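See below for run_10.txt, which holds compact mmCIF, C-alpha atoms.
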# COMPACT_ATOMS: atom_id res chain seq x y z
CA MET A 1 32.21 40.10 -38.22
CA SER A 2 29.18 41.63 -39.93
CA SER A 3 25.99 39.60 -40.08
CA LEU A 4 24.38 38.24 -43.23
CA LYS A 5 20.69 37.37 -43.19
CA ARG A 6 19.51 34.24 -44.93
CA SER A 7 17.33 36.40 -47.16
CA ASP A 8 20.46 38.24 -48.30
CA ILE A 9 21.93 35.16 -50.02
CA THR A 10 20.87 36.00 -53.56
CA ILE A 11 22.84 36.49 -56.77
CA GLU A 12 22.16 40.25 -56.68
CA ASN A 13 23.97 40.44 -53.35
CA TYR A 14 27.10 38.50 -54.34
CA ALA A 15 29.57 41.23 -53.29
CA GLU A 16 28.30 41.37 -49.72
CA ILE A 17 28.07 37.58 -49.58
CA TYR A 18 31.70 37.00 -50.45
CA ALA A 19 32.84 39.85 -48.20
CA TYR A 20 31.08 37.96 -45.39
CA TYR A 21 32.56 34.56 -46.21
CA ARG A 22 36.04 36.02 -46.59
CA GLN A 23 36.09 36.48 -42.83
CA TYR A 24 33.91 33.56 -41.77
CA GLU A 25 35.90 30.97 -39.80
CA ILE A 26 35.35 27.21 -39.82
CA ASP A 27 34.08 25.70 -36.57
CA LYS A 28 36.85 23.11 -36.24
CA ARG A 29 35.39 21.21 -33.29
CA PHE A 30 32.00 20.91 -34.96
CA THR A 31 33.56 19.91 -38.29
CA LYS A 32 35.68 17.18 -36.69
CA ALA A 33 32.64 15.85 -34.83
CA VAL A 34 30.59 15.72 -38.05
CA HIS A 35 33.40 13.95 -39.89
CA ALA A 36 33.76 11.44 -37.05
CA VAL A 37 30.07 10.57 -37.26
CA LEU A 38 30.21 10.18 -41.03
CA SER A 39 33.23 7.90 -40.72
CA GLN A 40 31.05 5.53 -38.70
CA VAL A 41 28.38 5.48 -41.39
CA TYR A 42 30.54 5.25 -44.52
CA HIS A 43 33.56 2.97 -44.87
CA PRO A 44 35.34 3.92 -48.10
CA GLU A 45 38.32 1.98 -49.38
CA VAL A 46 40.97 4.70 -49.74
CA THR A 47 43.95 4.39 -52.10
CA PHE A 48 46.63 6.73 -53.43
CA SER A 49 48.57 7.03 -56.67
CA GLU A 50 52.32 6.62 -56.33
CA GLY A 51 53.86 9.73 -54.79
CA THR A 52 50.55 11.37 -53.84
CA GLN A 53 50.83 10.64 -50.12
CA GLU A 54 54.32 12.14 -50.09
CA PHE A 55 53.10 15.22 -51.97
CA ILE A 56 50.23 15.80 -49.53
CA GLU A 57 52.56 15.27 -46.57
CA SER A 58 55.08 17.74 -47.99
CA GLN A 59 52.41 20.39 -48.55
CA ARG A 60 51.14 19.90 -45.00
CA ASP A 61 54.58 20.07 -43.40
CA GLN A 62 55.42 23.28 -45.27
CA GLY A 63 52.08 24.91 -44.47
CA LYS A 64 51.08 24.92 -48.14
CA PRO A 65 47.47 24.38 -49.23
CA VAL A 66 45.94 21.73 -51.45
CA ILE A 67 42.86 21.80 -53.67
CA LEU A 68 40.95 18.50 -53.52
CA ALA A 69 38.89 18.15 -56.71
CA ALA A 70 36.44 15.23 -56.75
CA ASN A 71 34.03 13.79 -59.28
CA HIS A 72 30.34 13.96 -58.36
CA VAL A 73 28.00 11.02 -58.97
CA ARG A 74 25.73 10.82 -55.92
CA TYR A 75 24.24 13.26 -53.44
CA ILE A 76 26.19 11.50 -50.67
CA ASP A 77 29.60 12.12 -52.29
CA HIS A 78 30.49 14.91 -49.86
CA ASN A 79 29.70 12.57 -46.95
CA VAL A 80 31.86 9.82 -48.45
CA ALA A 81 34.73 12.27 -48.99
CA ALA A 82 34.39 13.50 -45.40
CA ALA A 83 34.52 9.92 -44.11
CA ALA A 84 37.58 9.19 -46.25
CA LEU A 85 39.41 12.21 -44.81
CA SER A 86 38.47 11.31 -41.25
CA ARG A 87 39.39 7.61 -41.52
CA THR A 88 42.72 7.99 -43.33
CA PRO A 89 45.77 9.16 -41.30
CA ASP A 90 47.53 10.74 -44.29
CA VAL A 91 44.68 13.18 -44.91
CA THR A 92 43.06 13.81 -41.52
CA HIS A 93 44.73 17.23 -41.36
CA PHE A 94 42.27 18.45 -44.03
CA VAL A 95 39.42 18.11 -41.50
CA GLY A 96 38.63 21.53 -40.05
CA ASN A 97 41.16 23.23 -42.32
CA THR A 98 39.32 23.07 -45.64
CA PHE A 99 36.67 25.34 -47.12
CA VAL A 100 34.14 23.79 -49.48
CA LEU A 101 32.44 25.22 -52.55
CA ALA A 102 28.74 24.33 -52.37
CA LYS A 103 25.76 25.40 -54.45
CA ALA A 104 23.81 28.35 -53.05
CA GLU A 105 20.69 26.19 -52.66
CA TYR A 106 22.22 24.72 -49.48
CA PHE A 107 22.10 28.14 -47.81
CA GLN A 108 18.43 28.86 -48.38
CA SER A 109 16.99 27.21 -45.25
CA ALA A 110 18.01 28.17 -41.72
CA ARG A 111 18.90 24.58 -40.77
CA ASP A 112 20.97 23.88 -43.89
CA ARG A 113 22.84 27.15 -43.66
CA TRP A 114 23.65 26.64 -39.96
CA HIS A 115 25.29 23.32 -40.77
CA THR A 116 26.98 24.16 -44.06
CA GLU A 117 28.54 27.36 -42.76
CA ARG A 118 30.00 25.74 -39.67
CA VAL A 119 31.81 23.06 -41.68
CA GLY A 120 33.33 25.69 -43.98
CA CYS A 121 31.03 25.74 -46.99
CA VAL A 122 30.85 28.81 -49.23
CA PRO A 123 27.92 29.41 -51.64
CA VAL A 124 28.40 29.14 -55.40
CA PHE A 125 25.89 30.62 -57.84
CA ARG A 126 25.35 28.56 -60.99
CA SER A 127 23.77 29.64 -64.27
CA GLN A 128 21.27 26.78 -64.17
CA ASP A 129 19.94 28.01 -60.83
CA VAL A 130 19.14 31.62 -61.76
CA PRO A 131 16.94 33.28 -64.42
CA ARG A 132 18.54 33.87 -67.80
CA ASP A 133 18.51 37.65 -67.36
CA GLN A 134 20.82 37.25 -64.34
CA HIS A 135 23.52 35.17 -66.04
CA MET A 136 25.79 38.21 -66.30
CA LEU A 137 25.68 38.46 -62.51
CA VAL A 138 26.73 34.83 -62.25
CA GLY A 139 29.94 35.67 -64.09
CA ARG A 140 30.64 38.61 -61.80
CA ALA A 141 29.92 36.49 -58.73
CA ALA A 142 32.27 33.80 -60.03
CA SER A 143 35.05 36.35 -60.41
CA GLU A 144 34.54 37.46 -56.81
CA LEU A 145 34.49 33.83 -55.67
CA VAL A 146 37.85 33.23 -57.36
CA LYS A 147 39.37 36.21 -55.53
CA MET A 148 37.97 35.06 -52.19
CA SER A 149 39.21 31.50 -52.76
CA VAL A 150 42.73 32.70 -53.52
CA GLU A 151 42.71 34.77 -50.33
CA LYS A 152 41.70 31.75 -48.26
CA LEU A 153 44.33 29.57 -49.94
CA SER A 154 46.95 32.24 -49.20
CA GLN A 155 46.00 31.91 -45.52
CA GLY A 156 46.87 28.21 -45.62
CA LEU A 157 43.34 26.84 -45.90
CA ASN A 158 42.70 23.94 -48.27
CA LEU A 159 39.84 23.80 -50.76
CA PHE A 160 37.43 20.98 -51.63
CA CYS A 161 35.23 21.18 -54.71
CA PHE A 162 33.34 19.21 -57.35
CA PRO A 163 34.86 20.78 -60.49
CA GLU A 164 32.30 19.27 -62.86
CA GLY A 165 29.88 21.81 -61.43
CA THR A 166 26.93 19.44 -61.08
CA ARG A 167 26.15 15.83 -60.31
CA ASN A 168 26.83 13.29 -63.06
CA LYS A 169 23.54 11.66 -64.07
CA GLY A 170 25.37 8.97 -66.02
CA ASP A 171 25.16 7.73 -69.57
CA ARG A 172 21.59 8.03 -70.89
CA ILE A 173 21.63 4.49 -72.28
CA THR A 174 23.62 2.45 -69.76
CA GLY A 175 23.20 4.63 -66.70
CA ALA A 176 26.92 4.25 -66.01
CA TRP A 177 28.91 7.21 -64.66
CA GLU A 178 32.47 5.99 -65.17
CA ALA A 179 33.15 8.86 -67.58
CA ILE A 180 33.40 12.23 -65.85
CA GLN A 181 31.70 15.35 -67.17
CA PRO A 182 33.75 18.26 -68.51
CA VAL A 183 35.58 20.16 -65.79
CA GLU A 184 34.38 23.75 -65.52
CA ALA A 185 36.66 26.75 -65.87
CA GLY A 186 36.55 28.01 -62.29
CA ILE A 187 39.14 25.64 -60.87
CA GLY A 188 41.65 26.69 -63.52
CA HIS A 189 41.17 30.36 -62.70
CA ILE A 190 41.54 29.75 -58.96
CA ALA A 191 44.75 27.75 -59.41
CA THR A 192 46.48 30.05 -61.89
CA LYS A 193 45.50 33.21 -59.98
CA ALA A 194 46.85 31.63 -56.80
CA TRP A 195 50.14 30.72 -58.49
CA ARG A 196 50.53 34.23 -59.88
CA SER A 197 49.94 35.55 -56.38
CA GLY A 198 52.74 33.38 -55.01
CA VAL A 199 50.52 30.77 -53.36
CA ASP A 200 52.16 27.36 -53.64
CA VAL A 201 48.96 25.34 -53.96
CA GLY A 202 48.68 21.91 -55.58
CA ILE A 203 45.62 20.15 -56.97
CA VAL A 204 44.87 16.54 -56.06
CA PRO A 205 42.14 14.79 -58.10
CA VAL A 206 39.87 12.57 -56.01
CA GLY A 207 37.99 9.74 -57.69
CA ILE A 208 34.84 8.37 -56.01
CA ALA A 209 33.18 5.15 -57.20
CA TYR A 210 30.37 2.88 -56.06
CA GLY A 211 29.85 -0.78 -56.87
CA ALA A 212 26.95 -2.50 -58.56
CA SER A 213 25.25 -3.89 -55.45
CA SER A 214 22.40 -1.64 -54.41
CA ARG A 215 22.59 -2.93 -50.83
CA LEU A 216 26.32 -2.58 -50.31
CA ASP A 217 27.72 0.11 -52.56
CA TRP A 218 26.64 3.24 -50.70
CA ARG A 219 28.40 2.30 -47.45
CA SER A 220 31.58 0.83 -48.95
CA PRO A 221 32.62 2.97 -51.94
CA ALA A 222 36.15 3.53 -53.19
CA VAL A 223 38.03 6.83 -52.96
CA HIS A 224 41.27 7.29 -54.88
CA PHE A 225 43.62 10.26 -54.45
CA GLY A 226 45.26 10.65 -57.84
CA VAL A 227 48.37 12.20 -59.37
CA PRO A 228 48.69 15.83 -58.21
CA ILE A 229 49.10 18.92 -60.35
CA GLU A 230 51.91 20.77 -58.64
CA SER A 231 51.99 24.53 -58.30
CA GLY A 232 53.74 26.83 -60.72
CA THR A 233 53.57 24.42 -63.64
CA ASP A 234 55.27 26.49 -66.33
CA GLY A 235 53.07 28.26 -68.82
CA LEU A 236 49.73 26.78 -67.82
CA LYS A 237 46.70 28.95 -68.52
CA PRO A 238 43.35 28.40 -66.78
CA ALA A 239 42.07 26.30 -69.69
CA ASP A 240 45.24 24.18 -69.57
CA VAL A 241 44.72 23.47 -65.86
CA THR A 242 41.09 22.58 -66.50
CA SER A 243 42.06 20.18 -69.29
CA LEU A 244 44.87 18.56 -67.31
CA LEU A 245 42.67 18.16 -64.25
CA GLY A 246 39.97 16.55 -66.37
CA PHE A 247 42.47 13.98 -67.63
CA GLN A 248 43.89 13.22 -64.18
CA LEU A 249 40.50 13.18 -62.48
CA GLN A 250 39.32 10.62 -65.03
CA GLN A 251 42.36 8.48 -64.19
CA SER A 252 41.48 8.74 -60.50
CA VAL A 253 37.88 7.71 -61.19
CA ASP A 254 39.13 4.74 -63.24
CA GLU A 255 41.33 3.68 -60.32
CA ALA A 256 38.43 4.05 -57.88
CA ASN A 257 36.16 1.96 -60.10
CA ALA A 258 38.82 -0.74 -60.33
CA ASP A 259 39.22 -0.70 -56.54
CA VAL A 260 35.51 -0.94 -55.80
CA SER A 261 35.03 -3.71 -58.37
CA LYS A 262 37.78 -5.75 -56.72
CA THR A 263 36.33 -5.13 -53.25
CA HIS A 264 32.89 -6.34 -54.28
CA LEU A 265 34.29 -9.39 -56.05
CA ASP A 266 36.12 -10.26 -52.84
CA LEU A 267 32.89 -9.90 -50.86
CA PHE A 268 31.15 -12.51 -52.96
CA ALA A 269 34.16 -14.81 -53.52

Produce structure tokens that represent the structure in this file.
Amino acid sequence: MSSLKRSDITIENYAEIYAYYRQYEIDKRFTKAVHAVLSQVYHPEVTFSEGTQEFIESQRDQGKPVILAANHVRYIDHNVAAAALSRTPDVTHFVGNTFVLAKAEYFQSARDRWHTERVGCVPVFRSQDVPRDQHMLVGRAASELVKMSVEKLSQGLNLFCFPEGTRNKGDRITGAWEAIQPVEAGIGHIATKAWRSGVDVGIVPVGIAYGASSRLDWRSPAVHFGVPIESGTDGLKPADVTSLLGFQLQQSVDEANADVSKTHLDLFA
């Protein structure tokens, strides 16, 4: 595999970057060890919508991939999701077999890149992170990222992403983040391109919620795996997938908020 210097991870070099990550393999032993540590730090309450466990099990048994699409409200969300996967028997098979879309900022230091690469992260270039005169390159990089993602899905790897594209800062007045942000277009393009290529991938929305107690909420959040969008849904265009995922992700977040509220009420009962 060809090398890629840290200094090479720039928007101008997107073609070489995605050629590199096409062939980069996840360090499964390292990833499982990291997830095991995180599962000792975070203790999420994990729930599933009716039929979701069976869908995930069916995809696994048939060697078919799944896209896990989670809302993003705190910088620790990826740690919470990792702990949920590691602690829950129905989804432990995702650990070490899932590539993750992460913003390019996490690849800029030697230490961060060493860690993020080994657990399967792939850099994503966002418009808000580059000068305005390079926005056209962002679109071209996104197109290449879609192609690379479909290739990895076709190999049986799963995908984890935050489809809102950035962390939810919450309502400006109340500070609440129960309402998700609009889902960006990329996930719709990945899914529909995969389906057209014959990849039987499904999308599972993952809702993450934290309670109101500042001392307790970060270690005991709720994670809800919602109603899946199954592959080959007739006639869906990328925008249709994006819209449907937004609706079902919001339902998952609502379920997670209900779960975490109940958990915290029980703690103080």

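Shortest atom-to-atom contact with Ala239 in chain A among A:Val227, A:Gly186, A:Leu145, A:Gly198: A:Gly186, counting all atoms listed in the file.
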
Selection near range 127-135 of chain A, 9 Å with only C-alpha atoms, sequence-local residues under 3 positions removed, as a list in words: Ile11, Glu12, Ala104, Glu105, Val138, Gly139 and Arg140 of chain A

Shell of 6 Å around range 203-213 of chain A, only C-alpha atoms, local chain residues under 6 positions omitted, as a ChimeraX atom specification: /A:66-71,221-226,228-229,249,252-253,256-257,260

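Near Ile190 in chain A, within 10 Å and counting only C-alpha atoms, sit Ile67, Ser143, Leu145, Val146, Lys147, Met148, Ser149, Val150, Leu153, Ala185, Gly186, Ile187, Lys193, Ala194, Trp195, Val201, Pro238 and Val241 of chain A, not including residues fewer than 3 positions from it in the same chain.
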
Counting only C-alpha atoms, the option among A:Tyr75, A:His93, A:Arg196, A:Leu38 closest to Asp61 in chain A: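 Among the listed residues, the smallest separation from Asp61 in chain A belongs to A:His93.
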
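Considering the residues A:Ser220, A:Ala33, A:Val199, A:Gln62 and counting only C-alpha atoms, Asp259 in chain A has its shortest atom-to-atom contact with A:Ser220.
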
Contacts of Gln181 in chain A within 12 Å, only C-alpha atoms, excl. fewer than 6 positions in-chain, as a list of chain:residue names: A:Ala70, A:Asn71, A:His72, A:Val73, A:Phe162, A:Pro163, A:Glu164, A:Gly165, A:Thr166, A:Arg167, A:Asn168, A:Lys169, A:Gly170, A:Asp171, A:Thr242, A:Ser243, A:Leu245, A:Gly246, A:Phe247, A:Leu249, A:Gln250, A:Val253

Nearest to Arg74 in chain A, chosen from A:Thr10, A:Arg126, A:Trp177, A:Pro44, with only C-alpha atoms counted in the distances: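 The shortest atom-to-atom distance to Arg74 in chain A comes from A:Trp177.
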
Separation of CA of Glu16 in chain A from CA of Glu184 in chain A, in Å and rounded to one decimal: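 Those two atoms sit 24.4 Å apart.
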
Where atoms are lacking, range 34-48 of chain A completed to N, CA and C atoms, as a compact mmCIF listing (two decimals), in the frame of the given file:
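Dumped to selection37.txt:
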# COMPACT_ATOMS: atom_id res chain seq x y z
N VAL A 34 31.41 16.16 -36.92
CA VAL A 34 30.59 15.72 -38.05
C VAL A 34 31.34 14.66 -38.86
N HIS A 35 32.61 14.91 -39.14
CA HIS A 35 33.40 13.95 -39.89
C HIS A 35 33.52 12.61 -39.15
N ALA A 36 33.65 12.67 -37.85
CA ALA A 36 33.76 11.44 -37.05
C ALA A 36 32.49 10.61 -37.15
N VAL A 37 31.34 11.28 -37.12
CA VAL A 37 30.07 10.57 -37.26
C VAL A 37 29.96 9.94 -38.64
N LEU A 38 30.30 10.70 -39.66
CA LEU A 38 30.21 10.18 -41.03
C LEU A 38 31.15 9.00 -41.25
N SER A 39 32.28 9.00 -40.57
CA SER A 39 33.23 7.90 -40.72
C SER A 39 32.71 6.61 -40.11
N GLN A 40 31.68 6.72 -39.25
CA GLN A 40 31.05 5.53 -38.70
C GLN A 40 29.95 5.00 -39.61
N VAL A 41 29.45 5.87 -40.46
CA VAL A 41 28.38 5.48 -41.39
C VAL A 41 28.94 4.94 -42.70
N TYR A 42 29.95 5.63 -43.23
CA TYR A 42 30.54 5.25 -44.52
C TYR A 42 31.94 4.69 -44.28
N HIS A 43 32.27 3.64 -45.05
CA HIS A 43 33.56 2.97 -44.87
C HIS A 43 34.27 2.84 -46.22
N PRO A 44 34.71 3.97 -46.77
CA PRO A 44 35.34 3.92 -48.10
C PRO A 44 36.69 3.24 -48.07
N GLU A 45 36.99 2.55 -49.16
CA GLU A 45 38.32 1.98 -49.38
C GLU A 45 39.16 3.08 -50.01
N VAL A 46 40.17 3.55 -49.30
CA VAL A 46 40.97 4.70 -49.74
C VAL A 46 42.31 4.24 -50.28
N THR A 47 42.65 4.71 -51.49
CA THR A 47 43.95 4.39 -52.10
C THR A 47 44.57 5.67 -52.65
N PHE A 48 45.88 5.58 -52.94
CA PHE A 48 46.63 6.73 -53.43
C PHE A 48 47.46 6.33 -54.64
